[in-house]
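Participant: Next comes input_34.cif, mmCIF, C-alpha atoms and all ligand atoms:
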```cif
data_model
loop_
_atom_site.label_atom_id
_atom_site.label_comp_id
_atom_site.auth_asym_id
_atom_site.auth_seq_id
_atom_site.Cartn_x
_atom_site.Cartn_y
_atom_site.Cartn_z
CA MET Q 964 -16.46 -47.73 -32.37
CA HIS Q 965 -19.57 -48.34 -34.41
CA ALA Q 966 -22.68 -49.76 -32.76
CA TRP Q 967 -25.34 -51.78 -34.59
CA PRO Q 968 -28.30 -50.79 -36.76
CA ALA Q 969 -31.50 -49.53 -35.16
CA SER Q 970 -34.75 -51.32 -35.80
CA GLU Q 971 -37.76 -49.09 -36.47
CA VAL Q 972 -39.89 -48.26 -33.41
CA PRO Q 973 -43.51 -47.80 -34.54
CA ALA Q 974 -45.31 -44.78 -33.07
CA LEU Q 975 -48.41 -45.76 -31.11
CA PRO Q 976 -51.62 -43.78 -30.78
CA GLY Q 977 -51.74 -41.65 -27.62
CA LYS Q 978 -48.83 -41.30 -25.23
CA GLY Q 979 -47.06 -43.53 -22.72
CA ARG Q 980 -46.62 -42.97 -19.00
CA ASP Q 981 -43.57 -41.69 -17.15
CA LEU Q 982 -41.28 -44.48 -15.97
CA ARG Q 983 -41.30 -45.49 -12.32
CA ILE Q 984 -38.25 -47.60 -11.62
CA HIS Q 985 -36.39 -49.20 -8.75
CA ASP Q 986 -33.29 -47.28 -7.68
CA THR Q 987 -30.68 -49.32 -5.81
CA ALA Q 988 -29.28 -46.23 -4.07
CA THR Q 989 -32.57 -45.45 -2.32
CA ASP Q 990 -33.94 -49.01 -2.47
CA GLY Q 991 -37.26 -47.65 -3.65
CA LEU Q 992 -39.28 -46.85 -6.71
CA ILE Q 993 -38.74 -43.41 -8.16
CA THR Q 994 -40.60 -41.70 -10.96
CA LEU Q 995 -38.05 -40.28 -13.33
CA ASP Q 996 -38.74 -36.95 -14.94
CA PRO Q 997 -36.23 -36.72 -17.76
CA GLY Q 998 -36.15 -33.68 -19.97
CA PRO Q 999 -36.99 -33.90 -23.67
CA VAL Q 1000 -33.87 -36.03 -24.05
CA ALA Q 1001 -33.60 -38.85 -21.50
CA ARG Q 1002 -30.02 -39.88 -20.72
CA ILE Q 1003 -28.96 -43.46 -20.00
CA TYR Q 1004 -25.61 -45.18 -19.59
CA VAL Q 1005 -25.56 -48.97 -19.68
CA CYS Q 1006 -22.39 -50.85 -18.84
CA GLY Q 1007 -21.28 -52.90 -21.83
CA ILE Q 1008 -19.59 -56.26 -22.18
CA THR Q 1009 -16.05 -57.33 -21.53
CA PRO Q 1010 -15.60 -59.03 -24.89
CA TYR Q 1011 -13.79 -62.28 -24.17
CA ASP Q 1012 -16.68 -64.66 -24.80
CA ALA Q 1013 -20.02 -64.65 -26.61
CA THR Q 1014 -23.24 -63.02 -25.38
CA HIS Q 1015 -25.08 -65.34 -23.01
CA MET Q 1016 -28.67 -65.23 -21.75
CA GLY Q 1017 -27.62 -63.29 -18.65
CA HIS Q 1018 -26.16 -60.48 -20.75
CA ALA Q 1019 -29.16 -60.57 -23.06
CA ALA Q 1020 -31.58 -60.32 -20.12
CA THR Q 1021 -29.76 -57.31 -18.70
CA TYR Q 1022 -29.65 -55.48 -22.06
CA ASN Q 1023 -33.31 -56.35 -22.57
CA ALA Q 1024 -34.19 -54.52 -19.34
CA PHE Q 1025 -32.49 -51.32 -20.47
CA ASP Q 1026 -33.97 -51.61 -23.93
CA LEU Q 1027 -37.39 -51.54 -22.24
CA VAL Q 1028 -36.42 -48.37 -20.35
CA GLN Q 1029 -35.77 -46.69 -23.69
CA ARG Q 1030 -38.97 -47.98 -25.26
CA VAL Q 1031 -41.01 -46.57 -22.37
CA TRP Q 1032 -39.30 -43.19 -22.79
CA LEU Q 1033 -39.73 -43.21 -26.58
CA ASP Q 1034 -43.42 -43.89 -26.07
CA THR Q 1035 -43.61 -40.68 -23.99
CA LYS Q 1036 -42.38 -38.93 -27.16
CA ARG Q 1037 -38.99 -38.17 -25.68
CA GLN Q 1038 -35.69 -38.73 -27.39
CA VAL Q 1039 -33.16 -41.00 -25.74
CA HIS Q 1040 -29.43 -40.41 -25.47
CA TYR Q 1041 -27.99 -43.85 -24.84
CA VAL Q 1042 -24.31 -44.54 -24.23
CA GLN Q 1043 -22.64 -47.90 -23.77
CA ASN Q 1044 -19.01 -48.94 -23.34
CA VAL Q 1045 -16.99 -52.00 -24.26
CA THR Q 1046 -14.35 -52.99 -21.72
CA ASP Q 1047 -11.92 -53.92 -24.47
CA VAL Q 1048 -8.89 -54.06 -22.20
CA ASP Q 1049 -9.05 -55.64 -18.75
CA ASP Q 1050 -7.57 -58.59 -16.84
CA PRO Q 1051 -10.19 -61.23 -17.80
CA LEU Q 1052 -9.82 -60.41 -21.50
CA LEU Q 1053 -6.02 -60.58 -21.36
CA GLU Q 1054 -6.15 -63.81 -19.36
CA ARG Q 1055 -8.49 -65.48 -21.86
CA ALA Q 1056 -6.34 -64.37 -24.81
CA GLU Q 1057 -3.26 -65.78 -23.08
CA ARG Q 1058 -5.05 -69.07 -22.25
CA ASP Q 1059 -6.19 -69.52 -25.84
CA ALA Q 1060 -2.91 -68.21 -27.31
CA ILE Q 1061 -4.63 -65.57 -29.40
CA ASP Q 1062 -4.11 -61.85 -29.81
CA TRP Q 1063 -6.19 -59.95 -27.22
CA VAL Q 1064 -7.17 -57.27 -29.77
CA ALA Q 1065 -8.42 -59.91 -32.20
CA LEU Q 1066 -10.37 -61.64 -29.40
CA ALA Q 1067 -12.03 -58.38 -28.34
CA GLU Q 1068 -12.91 -57.47 -31.93
CA LYS Q 1069 -14.35 -60.89 -32.65
CA GLU Q 1070 -16.54 -61.01 -29.55
CA THR Q 1071 -17.67 -57.40 -29.93
CA ALA Q 1072 -18.70 -58.13 -33.52
CA LEU Q 1073 -20.70 -61.14 -32.35
CA PHE Q 1074 -22.33 -59.05 -29.61
CA ARG Q 1075 -23.45 -56.51 -32.25
CA GLU Q 1076 -24.98 -59.32 -34.31
CA ASP Q 1077 -26.79 -60.69 -31.27
CA MET Q 1078 -28.09 -57.26 -30.30
CA THR Q 1079 -29.30 -56.64 -33.86
CA ALA Q 1080 -31.03 -60.01 -34.00
CA LEU Q 1081 -32.73 -59.34 -30.66
CA ARG Q 1082 -33.83 -55.86 -31.84
CA MET Q 1083 -32.07 -54.08 -28.98
CA LEU Q 1084 -31.88 -50.35 -29.71
CA PRO Q 1085 -28.27 -49.30 -30.32
CA PRO Q 1086 -26.43 -46.70 -28.23
CA ARG Q 1087 -25.75 -43.32 -29.81
CA GLN Q 1088 -22.15 -43.66 -28.64
CA TYR Q 1089 -20.53 -47.08 -28.35
CA ILE Q 1090 -17.12 -46.49 -26.84
CA GLY Q 1091 -14.24 -48.85 -26.15
CA ALA Q 1092 -12.03 -48.48 -23.09
CA VAL Q 1093 -8.99 -48.23 -25.33
CA GLU Q 1094 -10.38 -45.34 -27.35
CA ALA Q 1095 -11.43 -43.62 -24.10
CA ILE Q 1096 -7.86 -43.57 -22.69
CA PRO Q 1097 -7.10 -39.97 -23.82
CA GLY Q 1098 -10.13 -38.83 -21.79
CA ILE Q 1099 -9.37 -41.05 -18.81
CA VAL Q 1100 -5.78 -39.87 -18.22
CA PRO Q 1101 -6.65 -36.22 -17.37
CA LEU Q 1102 -9.38 -37.39 -14.96
CA VAL Q 1103 -6.92 -39.60 -13.08
CA GLU Q 1104 -4.42 -36.74 -13.01
CA ARG Q 1105 -7.07 -34.45 -11.54
CA LEU Q 1106 -8.01 -37.01 -8.89
CA ARG Q 1107 -4.36 -37.46 -7.95
CA ASP Q 1108 -3.65 -33.72 -7.89
CA SER Q 1109 -6.68 -33.05 -5.68
CA GLY Q 1110 -5.60 -35.69 -3.16
CA ALA Q 1111 -8.45 -38.13 -3.95
CA ALA Q 1112 -5.93 -40.60 -5.38
CA TYR Q 1113 -2.47 -41.80 -4.43
CA GLU Q 1114 0.41 -43.75 -5.88
CA LEU Q 1115 1.46 -47.23 -4.84
CA GLU Q 1116 4.51 -48.70 -6.58
CA GLY Q 1117 3.67 -46.82 -9.76
CA ASP Q 1118 -0.03 -47.70 -9.76
CA ILE Q 1119 -2.61 -45.03 -8.93
CA TYR Q 1120 -5.41 -45.85 -6.48
CA PHE Q 1121 -8.58 -43.96 -5.71
CA SER Q 1122 -9.08 -43.24 -2.02
CA VAL Q 1123 -12.66 -44.18 -1.08
CA GLU Q 1124 -12.27 -42.10 2.07
CA SER Q 1125 -12.09 -38.95 -0.05
CA ASP Q 1126 -15.79 -39.36 -0.83
CA PRO Q 1127 -18.26 -38.52 1.95
CA ASP Q 1128 -20.99 -40.30 -0.04
CA PHE Q 1129 -19.07 -43.55 -0.47
CA GLY Q 1130 -21.36 -46.52 0.15
CA LYS Q 1131 -24.61 -44.78 -0.75
CA VAL Q 1132 -25.19 -46.60 -4.04
CA SER Q 1133 -24.98 -50.20 -2.86
CA ARG Q 1134 -25.58 -49.66 0.91
CA LEU Q 1135 -23.55 -52.69 1.97
CA ASP Q 1136 -21.72 -53.38 5.21
CA ALA Q 1137 -17.93 -53.29 5.30
CA ALA Q 1138 -17.44 -57.06 5.37
CA THR Q 1139 -19.65 -57.62 2.33
CA MET Q 1140 -17.90 -54.84 0.45
CA ARG Q 1141 -14.56 -56.41 1.14
CA LEU Q 1142 -15.73 -59.83 0.01
CA LEU Q 1143 -17.25 -58.50 -3.20
CA SER Q 1144 -14.23 -56.37 -3.92
CA ALA Q 1145 -12.04 -59.50 -3.90
CA GLU Q 1146 -14.52 -61.39 -6.08
CA ARG Q 1147 -15.09 -58.65 -8.60
CA GLY Q 1148 -11.75 -57.35 -9.80
CA GLY Q 1149 -10.48 -55.56 -6.67
CA ASP Q 1150 -7.34 -56.31 -4.64
CA PRO Q 1151 -8.29 -55.73 -0.97
CA ASP Q 1152 -5.31 -57.74 0.25
CA ARG Q 1153 -2.60 -55.75 -1.48
CA PRO Q 1154 -0.29 -54.30 1.18
CA GLY Q 1155 0.23 -50.55 1.27
CA LYS Q 1156 -3.27 -49.43 0.33
CA LYS Q 1157 -4.89 -46.74 2.45
CA ASN Q 1158 -8.18 -48.65 2.51
CA PRO Q 1159 -8.47 -52.25 1.30
CA LEU Q 1160 -11.43 -51.26 -0.88
CA ASP Q 1161 -9.53 -48.56 -2.80
CA PRO Q 1162 -9.81 -49.41 -6.52
CA MET Q 1163 -7.12 -48.89 -9.12
CA LEU Q 1164 -7.47 -45.91 -11.42
CA TRP Q 1165 -4.34 -46.47 -13.46
CA MET Q 1166 -2.21 -49.58 -13.60
CA ALA Q 1167 1.46 -49.00 -14.42
CA ALA Q 1168 2.68 -50.98 -17.44
CA ARG Q 1169 3.36 -54.65 -16.70
CA GLU Q 1170 5.84 -56.79 -18.61
CA GLY Q 1171 4.14 -58.50 -21.55
CA GLU Q 1172 0.87 -56.56 -21.17
CA PRO Q 1173 -0.46 -53.75 -23.37
CA SER Q 1174 0.12 -50.20 -22.15
CA TRP Q 1175 -0.55 -46.66 -23.31
CA ASP Q 1176 0.97 -43.25 -22.78
CA GLY Q 1177 -0.51 -41.87 -19.57
CA GLY Q 1178 1.14 -38.43 -19.57
CA SER Q 1179 2.28 -37.64 -16.03
CA LEU Q 1180 0.90 -41.02 -14.89
CA GLY Q 1181 3.49 -42.89 -16.94
CA ARG Q 1182 2.72 -45.76 -19.29
CA GLY Q 1183 -0.08 -48.05 -18.22
CA ARG Q 1184 -3.73 -48.89 -18.64
CA PRO Q 1185 -6.93 -47.63 -17.03
CA GLY Q 1186 -8.83 -49.17 -14.14
CA TRP Q 1187 -12.33 -50.48 -14.76
CA HIS Q 1188 -14.54 -47.97 -12.91
CA ILE Q 1189 -12.90 -44.80 -14.21
CA GLU Q 1190 -13.47 -46.10 -17.74
CA CYS Q 1191 -17.26 -45.88 -17.38
CA VAL Q 1192 -17.11 -42.57 -15.50
CA ALA Q 1193 -14.97 -40.95 -18.20
CA ILE Q 1194 -17.24 -42.16 -21.00
CA ALA Q 1195 -20.47 -41.28 -19.17
CA LEU Q 1196 -19.34 -37.79 -18.15
CA ASP Q 1197 -17.90 -37.07 -21.59
CA HIS Q 1198 -21.10 -37.91 -23.44
CA LEU Q 1199 -23.92 -37.49 -20.93
CA GLY Q 1200 -22.58 -35.21 -18.20
CA MET Q 1201 -23.41 -35.38 -14.47
CA GLY Q 1202 -26.87 -36.25 -13.20
CA PHE Q 1203 -28.02 -38.35 -16.13
CA ASP Q 1204 -31.19 -40.36 -15.65
CA VAL Q 1205 -30.17 -44.02 -15.41
CA GLN Q 1206 -26.99 -46.01 -14.98
CA GLY Q 1207 -27.72 -49.63 -15.64
CA GLY Q 1208 -26.20 -53.06 -15.42
CA GLY Q 1209 -26.68 -56.43 -13.76
CA SER Q 1210 -26.94 -56.58 -9.96
CA ASP Q 1211 -23.32 -57.74 -9.79
CA LEU Q 1212 -22.29 -54.23 -10.89
CA ALA Q 1213 -23.85 -52.39 -7.93
CA PHE Q 1214 -20.70 -53.04 -5.94
CA PRO Q 1215 -17.96 -52.27 -6.57
CA HIS Q 1216 -18.43 -50.94 -10.09
CA HIS Q 1217 -21.29 -48.46 -9.77
CA GLU Q 1218 -20.39 -47.53 -6.20
CA MET Q 1219 -16.83 -46.67 -7.23
CA GLY Q 1220 -18.03 -44.88 -10.35
CA ALA Q 1221 -20.30 -42.64 -8.27
CA SER Q 1222 -17.36 -41.98 -5.93
CA HIS Q 1223 -14.97 -41.08 -8.74
CA ALA Q 1224 -17.59 -38.70 -10.15
CA GLN Q 1225 -18.22 -37.20 -6.70
CA ALA Q 1226 -14.53 -36.52 -6.22
CA LEU Q 1227 -14.29 -34.98 -9.69
CA THR Q 1228 -17.39 -32.77 -9.59
CA GLY Q 1229 -18.42 -32.46 -5.93
CA GLU Q 1230 -21.83 -33.84 -6.89
CA PHE Q 1231 -23.70 -37.00 -5.94
CA PRO Q 1232 -25.21 -39.02 -7.52
CA MET Q 1233 -23.83 -39.33 -11.03
CA ALA Q 1234 -27.08 -41.02 -12.11
CA LYS Q 1235 -30.56 -40.20 -10.81
CA ALA Q 1236 -31.39 -43.91 -10.71
CA TYR Q 1237 -29.06 -46.87 -10.32
CA VAL Q 1238 -30.93 -49.70 -11.95
CA HIS Q 1239 -29.88 -53.33 -11.62
CA ALA Q 1240 -31.13 -56.43 -13.35
CA GLY Q 1241 -31.30 -59.80 -11.62
CA MET Q 1242 -28.93 -62.64 -12.41
CA VAL Q 1243 -29.80 -65.41 -14.83
CA ALA Q 1244 -28.64 -68.84 -13.74
CA LEU Q 1245 -28.08 -72.15 -15.46
CA HIS Q 1246 -28.14 -75.42 -13.49
CA GLY Q 1247 -28.54 -73.54 -10.24
CA GLU Q 1248 -25.58 -71.20 -10.61
CA LYS Q 1249 -25.22 -67.67 -12.00
CA MET Q 1250 -24.38 -67.87 -15.69
CA SER Q 1251 -20.86 -66.52 -15.98
CA LYS Q 1252 -18.02 -66.51 -18.43
CA SER Q 1253 -15.60 -67.47 -15.71
CA LYS Q 1254 -17.65 -70.54 -14.68
CA GLY Q 1255 -18.51 -71.50 -18.24
CA ASN Q 1256 -22.16 -72.53 -17.54
CA LEU Q 1257 -23.47 -70.63 -20.52
CA VAL Q 1258 -26.25 -70.58 -23.07
CA PHE Q 1259 -25.21 -68.33 -25.92
CA VAL Q 1260 -27.58 -66.19 -27.98
CA SER Q 1261 -25.50 -66.94 -31.10
CA LYS Q 1262 -25.64 -70.70 -30.51
CA LEU Q 1263 -29.44 -70.64 -30.25
CA ARG Q 1264 -29.61 -68.52 -33.40
CA ARG Q 1265 -27.39 -71.01 -35.24
CA ASP Q 1266 -29.68 -73.80 -34.07
CA GLY Q 1267 -32.53 -72.02 -35.82
CA VAL Q 1268 -34.25 -70.48 -32.78
CA ASP Q 1269 -36.14 -67.33 -33.76
CA PRO Q 1270 -34.55 -64.32 -31.95
CA ALA Q 1271 -38.08 -63.07 -31.27
CA ALA Q 1272 -38.65 -66.23 -29.19
CA ILE Q 1273 -35.41 -65.60 -27.26
CA ARG Q 1274 -36.63 -62.09 -26.56
CA LEU Q 1275 -40.01 -63.37 -25.35
CA ALA Q 1276 -38.22 -65.83 -23.07
CA LEU Q 1277 -36.36 -62.92 -21.46
CA LEU Q 1278 -39.50 -60.80 -21.21
CA ALA Q 1279 -41.34 -63.56 -19.36
CA HIS Q 1280 -39.25 -62.73 -16.26
CA HIS Q 1281 -39.31 -59.55 -14.27
CA TYR Q 1282 -35.97 -57.82 -14.83
CA ARG Q 1283 -35.24 -57.56 -11.11
CA SER Q 1284 -35.73 -61.21 -10.27
CA ASP Q 1285 -33.01 -63.82 -10.40
CA TRP Q 1286 -34.16 -66.67 -12.59
CA GLU Q 1287 -33.06 -69.88 -14.17
CA TRP Q 1288 -32.71 -70.52 -17.89
CA THR Q 1289 -34.21 -73.88 -18.89
CA ASP Q 1290 -35.32 -75.53 -22.11
CA GLN Q 1291 -38.89 -75.14 -20.88
CA VAL Q 1292 -38.49 -71.35 -20.71
CA LEU Q 1293 -37.55 -71.34 -24.38
CA GLN Q 1294 -40.28 -73.80 -25.39
CA ASP Q 1295 -42.92 -71.66 -23.68
CA ALA Q 1296 -41.64 -68.59 -25.52
CA VAL Q 1297 -41.69 -70.38 -28.89
CA ALA Q 1298 -45.30 -71.47 -28.26
CA ARG Q 1299 -46.31 -67.95 -27.20
CA LEU Q 1300 -44.69 -66.44 -30.30
CA ASP Q 1301 -46.63 -68.87 -32.50
CA ARG Q 1302 -49.92 -67.97 -30.79
CA TRP Q 1303 -49.28 -64.24 -31.07
CA ARG Q 1304 -48.22 -64.46 -34.73
CA ALA Q 1305 -51.32 -66.44 -35.64
CA ALA Q 1306 -53.47 -63.89 -33.80
CA VAL Q 1307 -52.08 -60.78 -35.52
CA SER Q 1308 -52.42 -62.52 -38.89
CA ARG Q 1309 -56.20 -62.82 -38.55
CA PRO Q 1310 -58.34 -60.16 -40.27
CA ASP Q 1311 -59.90 -58.73 -37.12
CA GLY Q 1312 -60.26 -59.10 -33.36
CA PRO Q 1313 -61.46 -57.41 -30.20
CA SER Q 1314 -60.53 -53.74 -29.78
CA ALA Q 1315 -56.88 -53.33 -28.75
CA GLU Q 1316 -57.10 -49.87 -27.21
CA ALA Q 1317 -57.34 -51.13 -23.63
CA LEU Q 1318 -54.53 -53.60 -24.26
CA VAL Q 1319 -52.13 -50.86 -25.34
CA GLU Q 1320 -52.92 -48.95 -22.13
CA GLU Q 1321 -52.42 -52.07 -20.01
CA MET Q 1322 -49.04 -52.69 -21.63
CA ARG Q 1323 -48.02 -49.07 -21.07
CA GLU Q 1324 -49.14 -49.21 -17.46
CA ALA Q 1325 -47.26 -52.44 -16.80
CA LEU Q 1326 -43.99 -51.33 -18.35
CA ALA Q 1327 -44.04 -47.89 -16.75
CA ASN Q 1328 -44.45 -49.70 -13.42
CA ASP Q 1329 -40.84 -50.82 -12.91
CA LEU Q 1330 -40.71 -52.54 -16.31
CA ASP Q 1331 -43.24 -55.22 -15.45
CA ALA Q 1332 -42.88 -57.15 -18.71
CA PRO Q 1333 -44.54 -60.37 -17.44
CA THR Q 1334 -47.75 -58.39 -16.78
CA ALA Q 1335 -47.52 -56.84 -20.26
CA LEU Q 1336 -47.16 -60.34 -21.77
CA ALA Q 1337 -50.16 -61.58 -19.78
CA ALA Q 1338 -52.23 -58.69 -21.17
CA VAL Q 1339 -51.33 -59.66 -24.74
CA ASP Q 1340 -52.07 -63.31 -23.93
CA ARG Q 1341 -55.55 -62.29 -22.77
CA TRP Q 1342 -56.26 -60.35 -25.97
CA VAL Q 1343 -55.08 -63.32 -28.04
CA ALA Q 1344 -57.27 -65.73 -26.05
CA LEU Q 1345 -60.29 -63.45 -26.35
CA GLN Q 1346 -59.81 -63.18 -30.09
CA GLN Q 1347 -59.70 -66.94 -30.35
CA GLU Q 1348 -62.70 -67.57 -28.11
CA ARG Q 1349 -65.05 -64.84 -29.18
CA GLY Q 1350 -63.53 -63.26 -32.28
CA GLY Q 1351 -64.10 -59.53 -32.76
CA THR Q 1352 -64.98 -57.06 -35.45
CA ASP Q 1353 -62.21 -54.48 -35.15
CA GLU Q 1354 -60.25 -54.75 -38.38
CA GLY Q 1355 -57.51 -52.45 -37.16
CA ALA Q 1356 -56.88 -54.34 -33.91
CA PRO Q 1357 -54.41 -57.02 -35.05
CA GLY Q 1358 -52.21 -54.27 -36.55
CA VAL Q 1359 -52.38 -52.22 -33.36
CA VAL Q 1360 -51.34 -55.26 -31.29
CA SER Q 1361 -48.51 -56.06 -33.67
CA ARG Q 1362 -47.19 -52.48 -33.54
CA ALA Q 1363 -47.56 -52.25 -29.74
CA VAL Q 1364 -45.65 -55.51 -29.23
CA ASP Q 1365 -42.95 -54.23 -31.55
CA ALA Q 1366 -42.71 -50.70 -30.11
CA LEU Q 1367 -42.97 -51.55 -26.42
CA LEU Q 1368 -41.40 -55.01 -26.22
CA GLY Q 1369 -39.05 -55.05 -29.21
CA VAL Q 1370 -40.68 -58.18 -30.61
CA ALA Q 1371 -41.48 -58.20 -34.34
CA LEU Q 1372 -44.47 -60.44 -35.00
N1 LIG Q 1401 -17.65 -54.58 -18.93
C1 LIG Q 1401 -18.24 -54.69 -17.63
C2 LIG Q 1401 -19.18 -53.56 -17.34
S1 LIG Q 1401 -18.44 -51.99 -17.56
C3 LIG Q 1401 -18.96 -56.02 -17.46
O1 LIG Q 1401 -19.47 -56.26 -16.39
N2 LIG Q 1401 -18.98 -56.83 -18.51
S2 LIG Q 1401 -19.66 -58.29 -18.51
O2 LIG Q 1401 -19.47 -58.78 -19.85
O3 LIG Q 1401 -19.11 -59.07 -17.47
O4 LIG Q 1401 -21.17 -58.11 -18.23
C4 LIG Q 1401 -21.99 -57.34 -19.09
C5 LIG Q 1401 -23.34 -57.09 -18.42
O5 LIG Q 1401 -24.03 -58.34 -18.27
C6 LIG Q 1401 -23.23 -56.50 -17.02
O6 LIG Q 1401 -24.27 -55.56 -16.82
C7 LIG Q 1401 -23.44 -57.69 -16.10
O7 LIG Q 1401 -23.98 -57.32 -14.85
C8 LIG Q 1401 -24.44 -58.49 -16.91
N3 LIG Q 1401 -24.41 -59.92 -16.57
C9 LIG Q 1401 -23.35 -60.75 -16.52
N4 LIG Q 1401 -23.72 -62.00 -16.15
C10 LIG Q 1401 -25.06 -61.96 -15.98
C11 LIG Q 1401 -26.06 -62.93 -15.58
N5 LIG Q 1401 -25.74 -64.19 -15.33
N6 LIG Q 1401 -27.35 -62.53 -15.50
C12 LIG Q 1401 -27.70 -61.24 -15.77
N7 LIG Q 1401 -26.81 -60.28 -16.15
C13 LIG Q 1401 -25.51 -60.64 -16.24
ZN ZN Q 1402 -19.31 -50.13 -16.53
#
```
Rewrite the structure of this file - the entire thing - as structure tokens.
Facilitator:
Amino acid sequence: MHAWPASEVPALPGKGRDLRIHDTATDGLITLDPGPVARIYVCGITPYDATHMGHAATYNAFDLVQRVWLDTKRQVHYVQNVTDVDDPLLERAERDAIDWVALAEKETALFREDMTALRMLPPRQYIGAVEAIPGIVPLVERLRDSGAAYELEGDIYFSVESDPDFGKVSRLDAATMRLLSAERGGDPDRPGKKNPLDPMLWMAAREGEPSWDGGSLGRGRPGWHIECVAIALDHLGMGFDVQGGGSDLAFPHHEMGASHAQALTGEFPMAKAYVHAGMVALHGEKMSKSKGNLVFVSKLRRDGVDPAAIRLALLAHHYRSDWEWTDQVLQDAVARLDRWRAAVSRPDGPSAEALVEEMREALANDLDAPTALAAVDRWVALQQERGGTDEGAPGVVSRAVDALLGVAL
């Protein structure tokens, strides 16, 4: 499917630093050394409701990854999926008595608009689960034929025990894995499974639900994890640089994805770094479509909030921390945007060379956006207090904020 338009990324003088980022699989910071083309896969939305601040915060984190890489003069190959068929989507369509295809199309279109407004760089390939089915079926067949998967009443399950590296992405104990599996789309209590954690690769057609030709698998629809593996391997290949998503994807989604890929290729890990963003909460609880405690990007836009202020509100929090969305967070961002815009509109200011380096340093250090914002704040305050004579500086600041933070002043 089509993605959304790319906003221009201004080139900055000099060159950025290599990205050091937290990898969940090793629970440490690693310095990535991508080739001339850095490769990143970011898990996309399940389009049954509008983009909320939690989604936006997660996509903001991975947008920063790309901006750091672009600043090192690399190209970026970015792939994202849309889980346009899955239980929650079908359940919502049923609840609201609407066609599931129409629901997915509507919410995906709104997501594109939100991403465009927030100046998130678009993926080179934006692939729906449904359009990926022809690539998924042969992978499931291969897993079954090699003994890494088995059939249960027509459904095909992946056997986690076939992967010697199972557990290495999320590093959780068995009880936690079981709990999270039940919470996040798994079915640990289904009788007949070899291991309660085994995830479904292919679900045989159910009465009243959509299904597709699965060749030797029979009619059905794909499981969630194999969807992302098929799309990632098809477009990026094994050993790409970053797989990203919110922290709720570490288990089971990214763990199972790494396992599927291990069973298919004999290699681990599928991604050099597993990068996870913290959860955004509202009123003390994780913002989630299923709970309905949501602040939507599109609603704020309709209310006249500048998308650049929304973006600054996201950037004010470190991507790995869990944080709470409040009106104050937005008000602070609006005030900061006003201050910054006034500053870059003045004819001159203090030199901005050191500021650009501070921003680069902060972002290359595990995407420390709050420190980058504080550096800009300091330049703005200095300009106001003492002025400056560098006529090029406001332009440099404006371009650096745009290129590195995705905020157009
Ligand atoms: N389609 C799958 C991924 S393949 C999925 O998880 N879709 S989603 O719509 O539920 O979430 C999209 C992304 O937003 C995921 O990376 C998820 O971890 C992230 N996300 C969801 N809720 C929050 C939240 N409250 N805070 C931060 N990120 C969130
Ligand atoms: Zn995914």
Participant: Hey, which bits of chain Q sit within 7 Å of ligand ZN 1402 (chain Q), and for each residue what's the closest pair of atoms and how far apart in Å (one decimal), counting all atoms listed in the file, rows by chain and increasing number, as JSON lines?
Facilitator:
```
{"residue": "Q:Cys1006", "atom": "CA", "partner": "Q:ZN1402", "partner_atom": "ZN", "distance": 3.9}
{"residue": "Q:Gly1007", "atom": "CA", "partner": "Q:ZN1402", "partner_atom": "ZN", "distance": 6.3}
{"residue": "Q:Asn1044", "atom": "CA", "partner": "Q:ZN1402", "partner_atom": "ZN", "distance": 6.9}
{"residue": "Q:His1188", "atom": "CA", "partner": "Q:ZN1402", "partner_atom": "ZN", "distance": 6.4}
{"residue": "Q:Cys1191", "atom": "CA", "partner": "Q:ZN1402", "partner_atom": "ZN", "distance": 4.8}
{"residue": "Q:His1216", "atom": "CA", "partner": "Q:ZN1402", "partner_atom": "ZN", "distance": 6.6}
```
Participant: Ligand LIG 1401 (chain Q): which residues are within 7 Å, counting all atoms listed in the file? Reply as a PyMOL selection string.
Facilitator: chain Q and resi 1006-1010+1016-1018+1020-1021+1044-1046+1187+1191+1207-1212+1240-1244+1249-1251
Participant: With all atoms listed in the file as the basis for distance, which of Q:Glu1218, Q:Asp1269, Q:Asp1152, Q:Glu1076 is at the shortest distance from Q:Phe1129?
Facilitator: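 The shortest atom-to-atom distance to Q:Phe1129 comes from Q:Glu1218.
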Participant: Could you state the separation of atom CA of Q:Met1233 and atom CA of Q:Ala1221 in Å, given to one decimal place?
Facilitator: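 If I compute the distance from atom CA of Q:Met1233 to atom CA of Q:Ala1221, I get 5.6 Å.
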Participant: Can you report as JSON the centre and edge lengths in Å, to one decimal, of an axis-aligned box around the listed atoms of stretch 1172-1182 of chain Q padded with 6 Å on each side?
Facilitator:
```
{"center_x": 1.5, "center_y": -47.1, "center_z": -19.1, "size_x": 16.0, "size_y": 30.9, "size_z": 20.5}
```
Participant: With distances taken over only C-alpha atoms, which of Q:Ala1060, Q:Ala1366, Q:Ala969, Q:Ala1001 is nearest to Q:Gly1202?
Facilitator: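 Using only C-alpha atoms, Q:Gly1202 sits closest to Q:Ala1001.
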Participant: Can you pull out the residues contacting Q:Pro968? Cut-off 8 Å, using only C-alpha atoms, and skip same-chain residues under 6 positions away; I want them as a JSON list (two decimals) with C-alpha atoms, in the coordinates of the input.
Facilitator:
```
[["chain", "number", "residue", "atom", "x", "y", "z"],
["Q", 1079, "THR", "CA", -29.30, -56.64, -33.86],
["Q", 1084, "LEU", "CA", -31.88, -50.35, -29.71],
["Q", 1085, "PRO", "CA", -28.27, -49.30, -30.32]]
```
Participant: Pick out the closest residue to Q:Val1364 from this set: Q:Arg1304, Q:Lys1069, Q:His1223, Q:His1239. Count only C-alpha atoms.
Facilitator: Q:Arg1304
